[in-house]
$ cat input_4.txt   # compact mmCIF, C-alpha atoms
# COMPACT_ATOMS: atom_id res chain seq x y z
CA MET A 1 -8.64 -7.73 21.95
CA PRO A 2 -8.45 -4.05 22.99
CA THR A 3 -6.28 -1.76 20.89
CA TRP A 4 -3.82 -1.08 23.72
CA MET A 5 -3.37 -4.80 24.36
CA ALA A 6 -2.82 -5.49 20.66
CA ALA A 7 -0.16 -2.76 20.61
CA ILE A 8 1.62 -4.31 23.62
CA VAL A 9 1.48 -7.83 22.18
CA GLY A 10 2.75 -6.59 18.81
CA GLY A 11 5.59 -4.62 20.38
CA VAL A 12 6.73 -7.50 22.60
CA SER A 13 6.57 -9.90 19.63
CA LEU A 14 8.72 -7.61 17.48
CA ILE A 15 11.31 -7.21 20.24
CA ALA A 16 11.42 -10.97 20.79
CA LEU A 17 11.84 -11.63 17.05
CA TRP A 18 14.54 -8.95 16.85
CA TRP A 19 16.40 -10.52 19.79
CA LEU A 20 16.25 -14.01 18.27
CA LEU A 21 17.55 -12.78 14.92
CA ALA A 22 20.39 -10.87 16.58
CA VAL A 23 21.44 -13.88 18.66
CA LEU A 24 20.93 -16.67 16.14
CA ALA A 25 21.28 -15.22 12.63
CA PHE A 26 23.70 -12.30 13.13
CA ARG A 27 26.22 -13.59 15.63
CA PRO A 28 29.66 -11.90 15.51
CA GLN A 29 32.30 -13.69 13.51
CA GLU A 30 34.98 -15.52 15.40
CA GLY A 31 37.59 -13.14 16.74
CA THR A 32 35.40 -10.04 16.37
CA THR A 33 32.63 -8.34 18.36
CA PHE A 34 30.95 -6.54 15.45
CA THR A 35 27.43 -7.50 14.40
CA PRO A 36 25.20 -5.59 11.97
CA VAL A 37 22.13 -6.37 14.10
CA PRO A 38 22.71 -5.67 17.80
CA THR A 39 20.43 -7.04 20.49
CA PRO A 40 17.76 -4.84 22.07
CA TRP A 41 19.84 -4.80 25.24
CA ALA A 42 22.86 -3.44 23.31
CA VAL A 43 20.67 -0.61 21.98
CA PHE A 44 19.28 0.07 25.46
CA GLU A 45 22.81 0.10 26.85
CA TRP A 46 24.02 2.55 24.16
CA LEU A 47 21.15 4.91 24.87
CA PHE A 48 20.75 4.82 28.64
CA VAL A 49 23.77 3.14 30.22
CA ASP A 50 26.32 4.99 28.07
CA GLY A 51 24.23 8.18 28.38
CA ASN A 52 23.87 8.95 24.67
CA ILE A 53 20.17 9.70 25.16
CA ALA A 54 21.20 12.98 26.82
CA GLY A 55 22.35 14.39 23.48
CA ALA A 56 19.36 13.15 21.49
CA TRP A 57 17.59 16.52 21.34
CA SER A 58 20.64 18.33 19.95
CA VAL A 59 20.78 15.68 17.20
CA PHE A 60 17.08 15.69 16.36
CA GLN A 61 16.30 19.41 16.78
CA PRO A 62 17.55 20.52 13.30
CA THR A 63 15.81 17.55 11.67
CA ILE A 64 12.50 18.12 13.43
CA THR A 65 12.64 21.84 12.59
CA ALA A 66 13.34 21.12 8.91
CA ALA A 67 10.56 18.52 8.81
CA ALA A 68 8.06 20.92 10.42
CA ILE A 69 8.89 23.78 8.03
CA GLY A 70 8.76 21.49 4.99
CA TYR A 71 5.52 19.95 6.26
CA ALA A 72 3.89 23.37 6.49
CA TRP A 73 5.07 24.47 3.04
CA GLY A 74 4.30 21.21 1.25
CA ASN A 75 0.81 20.79 2.68
CA GLY A 76 0.02 24.47 2.26
CA ILE A 77 0.90 24.34 -1.43
CA ALA A 78 -1.06 21.08 -1.83
CA LEU A 79 -4.21 22.55 -0.26
CA VAL A 80 -3.99 25.65 -2.45
CA LEU A 81 -3.69 23.45 -5.55
CA ALA A 82 -6.66 21.35 -4.47
CA ALA A 83 -8.79 24.45 -3.87
CA PHE A 84 -7.71 25.80 -7.27
CA VAL A 85 -9.06 22.63 -8.89
CA LEU A 86 -12.48 23.24 -7.36
CA VAL A 87 -12.68 26.81 -8.63
CA PHE A 88 -11.25 25.89 -12.04
CA PRO A 89 -12.22 22.21 -12.64
CA LYS A 90 -10.50 22.04 -16.03
CA THR A 91 -7.12 22.28 -14.31
CA GLU A 92 -7.62 19.03 -12.38
CA THR A 93 -5.77 16.86 -14.88
CA VAL A 94 -2.75 19.15 -14.99
CA ILE A 95 -2.51 19.60 -11.21
CA THR A 96 -3.00 15.90 -10.56
CA GLN A 97 -0.24 15.08 -13.05
CA VAL A 98 2.07 17.58 -11.36
CA ALA A 99 1.37 15.91 -8.00
CA VAL A 100 2.04 12.46 -9.46
CA VAL A 101 5.30 13.65 -11.02
CA SER A 102 6.43 15.10 -7.68
CA TYR A 103 5.76 11.71 -6.10
CA CYS A 104 7.48 9.67 -8.84
CA LEU A 105 10.66 11.74 -9.06
CA PRO A 106 13.70 9.88 -7.63
CA ILE A 107 14.20 11.70 -4.36
CA VAL A 108 17.92 10.93 -4.22
CA ALA A 109 18.51 12.59 -7.62
CA ILE A 110 16.33 15.57 -6.72
CA GLY A 111 18.15 15.79 -3.40
CA GLY A 112 21.50 15.92 -5.15
CA ILE A 113 20.31 18.77 -7.37
CA SER A 114 18.80 20.63 -4.42
CA VAL A 115 22.09 20.39 -2.50
CA VAL A 116 23.78 22.17 -5.41
CA VAL A 117 21.02 24.76 -5.84
CA LEU A 118 19.82 25.36 -2.26
CA GLY A 119 22.74 24.17 -0.16
CA GLY A 120 22.49 22.94 3.38
CA ALA A 121 22.51 24.73 6.72
CA LYS A 122 23.93 28.25 6.85
CA THR A 123 25.29 27.75 10.37
CA PRO A 124 25.67 24.62 12.56
CA GLY A 125 22.44 23.80 14.34
CA GLU A 126 20.15 25.39 11.75
CA PRO A 127 17.88 23.25 9.53
CA SER A 128 19.11 22.35 6.08
CA ALA A 129 17.47 24.07 3.12
CA THR A 130 17.68 20.79 1.18
CA ALA A 131 16.01 18.91 4.04
CA ILE A 132 13.18 21.47 4.11
CA PHE A 133 12.69 21.19 0.35
CA LEU A 134 12.57 17.39 0.34
CA ALA A 135 10.24 17.33 3.36
CA ALA A 136 7.87 19.64 1.47
CA LEU A 137 8.15 17.70 -1.79
CA VAL A 138 7.14 14.33 -0.35
CA CYS A 139 4.00 15.84 1.24
CA VAL A 140 2.46 17.27 -1.92
CA PHE A 141 1.06 14.15 -3.61
CA THR A 142 -0.88 12.60 -0.73
CA THR A 143 -2.38 15.90 0.39
CA VAL A 144 -3.39 17.00 -3.11
CA VAL A 145 -5.11 13.68 -3.84
CA GLY A 146 -6.74 13.45 -0.42
CA ALA A 147 -8.01 17.03 -0.53
CA ILE A 148 -9.42 16.74 -4.06
CA LEU A 149 -11.23 13.51 -3.19
CA GLY A 150 -12.51 15.11 0.00
CA PHE A 151 -13.79 18.20 -1.79
CA LYS A 152 -15.60 16.00 -4.32
CA SER A 153 -17.32 14.06 -1.54
CA ALA A 154 -19.60 17.01 -0.75
CA ASP A 155 -23.33 16.32 -0.86
CA ALA A 156 -24.81 17.42 -4.19
CA SER A 157 -28.08 18.63 -2.65
CA SER A 158 -26.22 20.90 -0.23
CA LEU A 159 -24.29 22.39 -3.12
CA ASP A 160 -27.58 22.99 -4.94
CA VAL A 161 -29.01 24.82 -1.93
CA VAL A 162 -26.02 27.19 -1.88
CA ARG A 163 -26.37 27.77 -5.63
CA VAL A 164 -30.13 28.46 -5.36
CA PHE A 165 -29.52 31.11 -2.71
CA GLY A 166 -27.01 32.89 -4.94
CA GLY A 167 -23.76 31.37 -3.72
CA ASN A 168 -20.82 30.98 -6.07
CA SER A 169 -18.02 28.41 -6.16
CA TRP A 170 -16.17 30.10 -3.32
CA THR A 171 -19.28 30.00 -1.13
CA GLN A 172 -19.75 26.31 -1.88
CA LEU A 173 -16.12 25.71 -1.00
CA ARG A 174 -16.37 27.54 2.31
CA LYS A 175 -19.83 26.39 3.43
CA VAL A 176 -20.07 22.82 2.13
CA ARG A 177 -17.00 21.35 0.47
CA LEU A 178 -14.48 22.26 3.18
CA ILE A 179 -16.58 20.69 5.93
CA ALA A 180 -17.20 17.56 3.87
CA ALA A 181 -13.51 17.32 3.00
CA LEU A 182 -12.18 17.78 6.56
CA PRO A 183 -11.84 14.04 7.35
CA ALA A 184 -9.99 13.29 4.11
CA ILE A 185 -7.77 16.38 4.43
CA LEU A 186 -6.84 15.65 8.03
CA ASN A 187 -6.11 12.01 7.23
CA ALA A 188 -3.84 13.15 4.40
CA LEU A 189 -2.10 15.56 6.77
CA GLN A 190 -1.62 12.71 9.23
CA ILE A 191 -0.07 10.49 6.57
CA ALA A 192 2.25 13.35 5.58
CA VAL A 193 3.82 13.56 9.06
CA PRO A 194 6.19 10.55 8.84
CA THR A 195 6.91 11.19 5.15
CA ALA A 196 7.99 14.77 5.93
CA PHE A 197 10.32 13.49 8.64
CA LEU A 198 11.75 10.93 6.22
CA GLY A 199 12.29 13.62 3.59
CA ALA A 200 14.14 15.79 6.11
CA VAL A 201 16.41 12.91 7.15
CA LEU A 202 17.22 12.11 3.49
CA GLY A 203 17.96 15.78 2.84
CA GLU A 204 20.44 15.83 5.71
CA TYR A 205 21.93 12.51 4.69
CA LEU A 206 22.97 14.02 1.35
CA GLY A 207 25.37 16.38 3.12
CA ALA A 208 25.99 20.14 3.39
CA ILE A 209 25.07 20.05 7.10
CA THR A 210 27.04 19.32 10.25
CA ALA A 211 24.27 18.70 12.82
CA GLY A 212 21.17 16.53 12.61
CA VAL A 213 20.12 12.94 12.15
CA GLY A 214 21.76 12.59 8.72
CA PRO A 215 25.31 13.59 9.74
CA THR A 216 24.98 11.53 12.93
CA LEU A 217 24.05 8.41 10.94
CA ILE A 218 26.98 8.98 8.56
CA ARG A 219 29.38 9.30 11.50
CA LEU A 220 28.07 6.19 13.28
CA GLN A 221 28.15 4.14 10.08
CA GLY A 222 31.75 5.17 9.49
CA GLN A 223 32.61 4.00 13.00
CA LEU A 224 30.76 0.69 12.44
CA ASP A 225 28.71 1.50 15.55
CA ALA A 226 25.76 -0.78 14.89
CA ALA A 227 24.13 -0.11 18.26
CA GLY A 228 24.32 3.64 17.64
CA VAL A 229 22.82 3.37 14.15
CA TRP A 230 19.95 1.22 15.40
CA SER A 231 19.40 3.58 18.33
CA VAL A 232 19.09 6.60 16.06
CA PHE A 233 16.80 4.62 13.76
CA LEU A 234 14.52 3.68 16.67
CA LEU A 235 14.45 7.26 17.95
CA CYS A 236 13.42 8.38 14.45
CA ALA A 237 10.56 5.90 14.57
CA VAL A 238 9.54 7.16 18.01
CA PHE A 239 9.51 10.80 16.92
CA ALA A 240 7.52 9.99 13.77
CA LEU A 241 5.01 7.83 15.65
CA VAL A 242 4.47 10.45 18.35
CA ALA A 243 3.86 13.18 15.75
CA TYR A 244 1.57 10.84 13.81
CA GLY A 245 -0.39 10.08 16.97
CA LEU A 246 -0.74 13.77 17.89
CA VAL A 247 -2.18 14.58 14.47
CA GLY A 248 -4.47 11.56 14.88
CA LEU A 249 -5.78 13.02 18.14
CA LEU A 250 -6.38 16.29 16.31
CA VAL A 251 -8.35 14.41 13.65
CA ARG A 252 -10.58 12.79 16.28
CA PHE A 253 -11.09 16.13 18.03
CA VAL A 254 -11.93 18.14 14.91
CA THR A 255 -14.06 15.48 13.19
CA PRO A 256 -15.67 13.43 15.97
CA TRP A 257 -18.54 12.38 13.71
CA VAL A 258 -16.18 10.20 11.67
CA SER A 259 -15.52 7.86 14.61
CA GLY A 260 -19.13 8.03 15.76
CA SER A 261 -18.32 9.97 18.94
CA THR A 262 -19.81 13.25 20.10
CA GLY A 263 -18.00 16.54 20.33
$ encode --input "input_4.txt" --output "structure tokens"
Amino acid sequence: MPTWMAAIVGGVSLIALWWLLAVLAFRPQEGTTFTPVPTPWAVFEWLFVDGNIAGAWSVFQPTITAAAIGYAWGNGIALVLAAFVLVFPKTETVITQVAVVSYCLPIVAIGGISVVVLGGAKTPGEPSATAIFLAALVCVFTTVVGAILGFKSADASSLDVVRVFGGNSWTQLRKVRLIAALPAILNALQIAVPTAFLGAVLGEYLGAITAGVGPTLIRLQGQLDAAGVWSVFLLCAVFALVAYGLVGLLVRFVTPWVSGSTG
């Protein structure tokens, strides 16, 4: 089965299963119209018939901005740490442990502390400082591990050639290790895209901001607007999948030899 056909079949199957669950397992109680799981048509109606899709960009713009800034900072720091390990190999254990700790920390607790220390958005419409911090934090582990493994995958004979011709560790990094590590690094950067978006949403959800996905979810939950909550959730998935796919296209363009294609 072609990939595009598998995607269509999987999407239709999920929608059908969702519809069946909404109709059979989560029917409104007698005398009420509220259901925690609305039908796909109810979500479509909330977005397009009621016209709420028109304000989607104003809701998602602060979140996407915070996720992009945190993504750049988190992955930049992770790549610097991975390169530092190559130049000073004895620091690998310490840096790896720091990355693991950053991954294992309870993000809700860290988010609460960051709200107190960093605050949220300075003015309505701006990204939240807490959202940027959490988006950066959740990117560090995967990129550090992926980059270190990629750097170590360099061919030993190529490294010996650089050393024989007088190259030092920096020359090996630039001429051999970086090229060998590109597939692993780019895959790690691709994985970090949805996690950065999730970190930004959690940072907004903790408060200290008036515009974005987090405050919108809090408002819709308070109104018991199940269709609105599911609509925002699905739009989050769409934004994350689109960004993930764009980075995937970049991976195929930069490293065509991984997929066996020419470039």
$ closest_atom_pairs --input "input_4.txt" --of "range 127-210 of chain A" --to "range 76-91 of chain A" --cutoff "7 Å" --atoms "all atoms listed in the file" --output "tab-separated table"
residue	atom	partner	partner_atom	distance
A:Val140	CA	A:Ala78	CA	5.2
A:Thr143	CA	A:Ala78	CA	5.8
A:Val144	CA	A:Ala78	CA	4.9
A:Ala147	CA	A:Ala82	CA	6.0
A:Ile148	CA	A:Ala82	CA	5.4
A:Ser169	CA	A:Val87	CA	6.1
$ atom_distance --input "input_4.txt" --atom1 "CA of Ala99 in chain A" --atom2 "CA of Gly74 in chain A"
11.1 Å
$ atom_distance --input "input_4.txt" --atom1 "CA of Ala184 in chain A" --atom2 "CA of Val254 in chain A"
12.0 Å
$ residues_around --input "input_4.txt" --residues "Phe133 in chain A" --least-positions-apart "6" --cutoff "8 Å" --atoms "all atoms listed in the file" --output "number ranges by chain"
A: 70, 114, 203
$ residues_around --input "input_4.txt" --residues "Leu134 in chain A" --least-positions-apart "4" --cutoff "7 Å" --atoms "all atoms listed in the file" --output "ChimeraX atom specification"
/A:111,130,138,199-200,203
$ closest_residue --input "input_4.txt" --among "A:Ala7, A:Ala136, A:Val242, A:Leu250" --to "Ala192 in chain A" --atoms "all atoms listed in the file"
A:Ala136
$ closest_residue --input "input_4.txt" --among "A:Gly222, A:Pro2, A:Gly248, A:Gly212" --to "Ser128 in chain A" --atoms "only C-alpha atoms"
A:Gly212
$ atom_distance --input "input_4.txt" --atom1 "CA of Ile110 in chain A" --atom2 "CA of Phe60 in chain A"
23.1 Å
$ closest_residue --input "input_4.txt" --among "A:Leu202, A:Leu186, A:Leu21, A:Ile15" --to "Pro106 in chain A" --atoms "all atoms listed in the file"
A:Leu202
$ closest_residue --input "input_4.txt" --among "A:Thr123, A:Ser231, A:Ser153, A:Thr142" --to "Thr195 in chain A" --atoms "only C-alpha atoms"
A:Thr142
$ closest_atom_pairs --input "input_4.txt" --of "range 180-248 of chain A" --to "range 50-55 of chain A" --cutoff "12 Å" --atoms "only C-alpha atoms" --output "CSV"
residue,atom,partner,partner_atom,distance
A:Ala211,CA,A:Gly55,CA,11.7
A:Gly212,CA,A:Gly55,CA,11.1
A:Val213,CA,A:Gly55,CA,11.6
A:Thr216,CA,A:Gly55,CA,11.2
A:Ala227,CA,A:Asn52,CA,11.1
A:Gly228,CA,A:Asn52,CA,8.8
A:Val229,CA,A:Asn52,CA,12.0
A:Ser231,CA,A:Ile53,CA,9.2
A:Val232,CA,A:Ile53,CA,9.7
A:Leu234,CA,A:Ile53,CA,11.8
A:Leu235,CA,A:Ile53,CA,9.5
$ closest_residue --input "input_4.txt" --among "A:Gly150, A:Pro183, A:Pro127, A:Gly112" --to "Val251 in chain A" --atoms "all atoms listed in the file"
A:Pro183
$ closest_residue --input "input_4.txt" --among "A:Ala188, A:Val43, A:Ala67, A:Val176" --to "Leu137 in chain A" --atoms "all atoms listed in the file"
A:Ala67
$ residues_near_point --input "input_4.txt" --point "(14.5, -5.7, 22.7)" --cutoff "9 Å" --atoms "all atoms listed in the file" --output "number ranges by chain"
A: 12, 14-19, 39-44
$ build_atoms --input "input_4.txt" --residues "range 117-132 of chain A" --atoms "N, CA, C and O atoms" --output "short mmCIF file (atom, residue, chain, number, x, y, z; two decimals), in the frame of the given file"
data_model
loop_
_atom_site.label_atom_id
_atom_site.label_comp_id
_atom_site.auth_asym_id
_atom_site.auth_seq_id
_atom_site.Cartn_x
_atom_site.Cartn_y
_atom_site.Cartn_z
N VAL A 117 21.76 23.52 -5.64
CA VAL A 117 21.02 24.76 -5.84
C VAL A 117 20.75 25.48 -4.51
O VAL A 117 20.99 26.68 -4.38
N LEU A 118 20.25 24.75 -3.51
CA LEU A 118 19.82 25.36 -2.26
C LEU A 118 20.89 25.33 -1.18
O LEU A 118 20.91 26.21 -0.31
N GLY A 119 21.74 24.31 -1.21
CA GLY A 119 22.74 24.17 -0.16
C GLY A 119 22.16 23.51 1.07
O GLY A 119 21.05 23.00 1.08
N GLY A 120 22.92 23.56 2.13
CA GLY A 120 22.49 22.94 3.38
C GLY A 120 22.18 23.98 4.43
O GLY A 120 21.46 24.95 4.18
N ALA A 121 22.73 23.79 5.62
CA ALA A 121 22.51 24.73 6.72
C ALA A 121 23.52 25.87 6.64
O ALA A 121 24.70 25.66 6.36
N LYS A 122 23.04 27.09 6.89
CA LYS A 122 23.93 28.25 6.85
C LYS A 122 24.92 28.23 8.01
O LYS A 122 26.08 28.58 7.85
N THR A 123 24.44 27.86 9.19
CA THR A 123 25.29 27.75 10.37
C THR A 123 24.98 26.44 11.08
O THR A 123 23.87 25.92 10.95
N PRO A 124 25.93 25.87 11.84
CA PRO A 124 25.67 24.62 12.56
C PRO A 124 24.48 24.77 13.51
O PRO A 124 24.36 25.76 14.23
N GLY A 125 23.61 23.78 13.47
CA GLY A 125 22.44 23.80 14.34
C GLY A 125 21.18 24.27 13.65
O GLY A 125 20.08 24.05 14.16
N GLU A 126 21.32 24.94 12.50
CA GLU A 126 20.15 25.39 11.75
C GLU A 126 19.67 24.27 10.81
O GLU A 126 20.46 23.41 10.42
N PRO A 127 18.38 24.28 10.46
CA PRO A 127 17.88 23.25 9.53
C PRO A 127 18.46 23.43 8.14
O PRO A 127 18.79 24.54 7.71
N SER A 128 18.58 22.33 7.44
CA SER A 128 19.11 22.35 6.08
C SER A 128 18.04 22.76 5.09
O SER A 128 16.90 22.31 5.16
N ALA A 129 18.41 23.64 4.15
CA ALA A 129 17.47 24.07 3.12
C ALA A 129 17.06 22.88 2.24
O ALA A 129 15.90 22.77 1.82
N THR A 130 18.00 21.98 1.96
CA THR A 130 17.68 20.79 1.18
C THR A 130 16.72 19.88 1.93
O THR A 130 15.78 19.33 1.34
N ALA A 131 16.91 19.74 3.24
CA ALA A 131 16.01 18.91 4.04
C ALA A 131 14.60 19.50 4.05
O ALA A 131 13.60 18.77 3.96
N ILE A 132 14.49 20.83 4.14
CA ILE A 132 13.18 21.47 4.11
C ILE A 132 12.50 21.24 2.77
O ILE A 132 11.30 20.92 2.70
#
